[in-house]
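Contents: one structure, followed by commentary.
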Amino acid sequence: MYSTRELQDEIIRLKKEKDICILAHAYQSHDIWEVADYVGDSYGLSQQAAGASQKTVLMCGVRFMAETVKILSPEKKVILSNADAGCPMAEQMDVELISGVKEKYPDYTVVAYINTTSELKTVCDVCVTSSSAVQIVKNIENTNILFIPDCNLGRWVADQVPEKNIKLLQGGCPTHVRMSVRDVEVAKKAHPDALLLVHPECLPEVTALADYQGSTTGIMDYAKKSDAKSFIIGTENSIVQHLQFECPEKSFYPLSKDCVCHNMKLTTLGDVYRCVLETGGEEIVLDEEVLKKAKRCINTMLTLGG
């Protein structure tokens with residue numbers, strides 16, 4: 001029987017021996033963070049993987065993230081740590097649906113949040129991340145924008161880019177929409193001096209009450225750099241724990257105890273161990289045409305985002 005530290009040491013030994021790069025999304029547990037080569041948001045991790053020397057990449061996250069790694073590094077072997085770890089938002093819309101919407105609105109530029117499947121990206125014009133969405137939408141020449149799939153993030157972008165005509169479809173993150181104005185009232189009553197930091201995937205009425213709105217990485221950076229000493233965190237609750245480790249002199253509280261991504265929580269340290277043993281996980285294999293067309297969508301993001 002291994003202790004946590006012993007299992008971590010064995011994972012670190014094996015990943016070096018087998019030349020494996022381990023990526024951990026920010027919503028993974030801290031014991032997985034500690035064995036990762038890179039920690040961050042989905043697109044940032046894909047960029048790190050593309051520049052890494054290792055030929056095998058293990059994604060501790062959800063399926064669309066592993067697919068994005070494969071799109072940017074098609075020559076590498078990409079493993080998803082837990083085959084059941086999907087993303088409900090990424091799976092809400094498919095090629096058939098969006099192709100039909102495009103026929104109805106042919107003069108619209110289709111902007112896809114990075115939290116979409118590789119197949120869906122093939123029929124979209126440009127990808128965005130939560131941190132780059134506003135800038136990219138501003139830089140699109142077309143005034144008419146169809147933003148998918150998260151209508152809350154899309155509405156947040158629309159508020160900041162009023163010169164664009166942004167059409168939204170009903171979709172979003174089931175984890176972030178659990179948080180309500182009532183949660184804000186309760187949290188602020190319990191912690192009146194704390195700043196409220198929220199992800200724009202939250203409901204608009206929640207985002208409107210925040211002291212800061214931004215991506216997961218943005219929330220963490222804001223909390224670390226701020227002179228304030230206490231914060232209410234309106235995103236996946238693992239971020240509360242990570243910030244407690246990184247800023248032990250500050251206090252962090254979850255906006256809601258129910259803001260938990262069950263798909264992210266599927267991956268365990270034991271899964272990571274089996275993956276580096278090469279007895280677990282699932283290799284991501286994408287069709288050449290999907291790789292080509294999805295990459296075009298991501299390349300446009302890089303062009304417009306700078």
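Labels for the structure tokens follow display order: chains A, B, ..., residues from 1 in each chain, ligands from 1.
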ask   = What lies within 8 Å of stretch 139-151 of chain A using only C-alpha atoms, ignoring chain neighbours under 5 positions off, as number ranges by chain?
value = A: 89-90, 92-93, 107-113, 116, 163-173, 201, 304-305
Write down as a compact mmCIF listing (two decimals) with C-alpha atoms, in the first residue's frame the residues of stretch 159-289 of chain A whose backbone DSSP state falls under strand (DSSP E or B).
```txt
# COMPACT_ATOMS: atom_id res chain seq x y z
CA ASN A 165 -24.64 41.92 -33.02
CA ILE A 166 -24.14 38.75 -30.98
CA LYS A 167 -26.64 35.91 -31.29
CA LEU A 168 -26.65 33.26 -28.55
CA LEU A 195 -14.04 40.26 -2.52
CA LEU A 196 -16.23 38.23 -4.87
CA LEU A 197 -14.37 36.75 -7.86
CA VAL A 198 -16.46 34.86 -10.43
CA TYR A 212 -13.82 40.70 -10.54
CA GLN A 213 -15.04 38.59 -13.49
CA SER A 230 -10.22 37.42 1.91
CA PHE A 231 -12.06 36.23 -1.19
CA ILE A 232 -15.24 34.43 -2.17
CA ILE A 233 -14.50 32.23 -5.18
CA GLY A 234 -17.23 31.80 -7.78
CA SER A 251 -8.66 33.40 3.34
CA PHE A 252 -10.71 31.82 0.53
CA TYR A 253 -14.34 30.70 0.63
CA PRO A 254 -16.49 28.91 -1.97
CA GLU A 282 -7.57 6.23 -23.33
CA GLU A 283 -5.48 7.27 -26.30
```
message = Given only C-alpha atoms as the basis, pick out the residue of A:Ile20, A:Leu45, A:Ala194, A:Val35 nearest to A:Asp211.
response =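 Of A:Ile20, A:Leu45, A:Ala194, A:Val35, the one nearest A:Asp211, counting only C-alpha atoms, is A:Ala194.
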message = Using only C-alpha atoms, which protein or nucleic acid residues come within 9 Å of stretch 288-301 of chain A? Drop anything in the same chain fewer than 2 positions from it, and give the result as a ChimeraX atom specification.
response = /A:68,70-72,74,112,114,118-129,132,136,286,303-306
Kindly save the residues from that selection, with N, CA and C atoms included, as a CSV table (one decimal), in the first residue's frame.
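Output file out_7.csv follows:
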```
chain,number,residue,atom,x,y,z
A,68,THR,N,-8.0,18.9,-27.8
A,68,THR,CA,-7.3,20.1,-28.2
A,68,THR,C,-5.8,19.9,-28.2
A,70,LYS,N,-4.3,17.1,-28.9
A,70,LYS,CA,-4.0,16.3,-30.1
A,70,LYS,C,-4.1,17.1,-31.4
A,71,ILE,N,-5.0,18.1,-31.4
A,71,ILE,CA,-5.1,19.0,-32.6
A,71,ILE,C,-3.8,19.8,-32.8
A,72,LEU,N,-3.3,20.3,-31.6
A,72,LEU,CA,-2.1,21.1,-31.7
A,72,LEU,C,-0.8,20.3,-31.8
A,74,PRO,N,-0.5,16.7,-33.3
A,74,PRO,CA,-0.9,15.5,-33.9
A,74,PRO,C,0.1,14.4,-34.0
A,112,ALA,N,-16.7,29.7,-31.5
A,112,ALA,CA,-16.8,28.6,-30.6
A,112,ALA,C,-15.9,28.7,-29.4
A,114,ILE,N,-13.7,27.4,-26.6
A,114,ILE,CA,-12.7,26.2,-26.7
A,114,ILE,C,-13.3,25.0,-26.1
A,118,SER,N,-13.9,18.4,-30.8
A,118,SER,CA,-13.1,18.6,-32.0
A,118,SER,C,-14.0,18.6,-33.3
A,119,GLU,N,-15.0,17.8,-33.3
A,119,GLU,CA,-15.9,17.7,-34.5
A,119,GLU,C,-16.6,19.0,-34.7
A,120,LEU,N,-17.1,19.6,-33.6
A,120,LEU,CA,-17.9,20.8,-33.7
A,120,LEU,C,-17.0,22.0,-34.2
A,121,LYS,N,-15.7,22.0,-33.8
A,121,LYS,CA,-14.8,23.0,-34.2
A,121,LYS,C,-14.6,23.0,-35.7
A,122,THR,N,-14.9,21.9,-36.4
A,122,THR,CA,-14.7,21.8,-37.8
A,122,THR,C,-15.6,22.7,-38.6
A,123,VAL,N,-16.8,23.0,-38.0
A,123,VAL,CA,-17.8,23.8,-38.7
A,123,VAL,C,-17.9,25.3,-38.2
A,124,CYS,N,-16.9,25.6,-37.3
A,124,CYS,CA,-16.9,27.0,-36.7
A,124,CYS,C,-15.8,27.8,-37.3
A,125,ASP,N,-15.9,29.1,-37.2
A,125,ASP,CA,-14.9,30.0,-37.8
A,125,ASP,C,-13.7,30.3,-37.0
A,126,VAL,N,-13.9,30.4,-35.7
A,126,VAL,CA,-12.8,30.8,-34.8
A,126,VAL,C,-13.1,30.3,-33.3
A,127,CYS,N,-12.1,29.9,-32.6
A,127,CYS,CA,-12.2,29.5,-31.2
A,127,CYS,C,-11.9,30.7,-30.3
A,128,VAL,N,-12.4,30.7,-29.1
A,128,VAL,CA,-12.0,31.6,-28.1
A,128,VAL,C,-11.8,30.9,-26.8
A,129,THR,N,-11.1,31.5,-25.9
A,129,THR,CA,-11.0,31.1,-24.5
A,129,THR,C,-11.8,32.2,-23.7
A,132,SER,N,-9.7,35.3,-23.7
A,132,SER,CA,-9.4,36.0,-25.0
A,132,SER,C,-10.7,36.3,-25.8
A,136,ILE,N,-10.9,38.9,-29.1
A,136,ILE,CA,-11.1,38.2,-30.5
A,136,ILE,C,-12.4,38.7,-31.1
A,286,LEU,N,-7.9,11.1,-33.6
A,286,LEU,CA,-8.8,11.9,-34.4
A,286,LEU,C,-8.5,11.7,-35.9
A,303,THR,N,-4.5,34.2,-34.7
A,303,THR,CA,-4.4,35.3,-35.6
A,303,THR,C,-5.1,36.6,-35.0
A,304,LEU,N,-6.3,36.3,-34.6
A,304,LEU,CA,-7.2,37.4,-34.1
A,304,LEU,C,-6.8,37.8,-32.6
A,305,GLY,N,-6.2,36.9,-31.9
A,305,GLY,CA,-5.9,37.1,-30.5
A,305,GLY,C,-4.5,37.7,-30.3
A,306,GLY,N,-3.7,37.6,-31.3
A,306,GLY,CA,-2.4,38.2,-31.1
A,306,GLY,C,-1.4,37.3,-30.4
```
query = Could you pull out all residues of stretch 62-273 of chain A with a DSSP call of alpha helix (DSSP H) and give them as a PyMOL selection string?
reply = chain A and resi 63-72+95-104+118-121+133-139+151-160+181-190+204-207+216-225+238-246+269-273
message = Please report the interatomic distance between atom CA of A:Ser3 and atom CA of A:Thr268 in Å with one decimal.
response =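 According to the coordinates, atom CA of A:Ser3 and atom CA of A:Thr268 are separated by 13.8 Å.
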query = Which polymer residues have any atom within 12 Å of an atom of A:Lys15, counting only C-alpha atoms, with same-chain residues fewer than 3 positions away left out, as a ChimeraX atom specification?
reply = /A:8-12,18-23,35-37,54-58,272-278
message = I need the residue nearest A:Asp31 from this list: A:Arg63, A:Lys225, A:Lys257, A:His242. Use only C-alpha atoms for the distance.
response =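 The closest residue to A:Asp31 is A:His242.
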Nearest candidate to A:Ala187 (options A:Met65, A:Leu14, A:Pro162, A:Leu255; using only C-alpha atoms) = A:Leu255
query = What is the atom CA of A:Gln241-atom CA of A:Ser29 distance in Å, reported with one decimal?
reply =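 Interatomic distance, atom CA of A:Gln241 to atom CA of A:Ser29: 8.5 Å.
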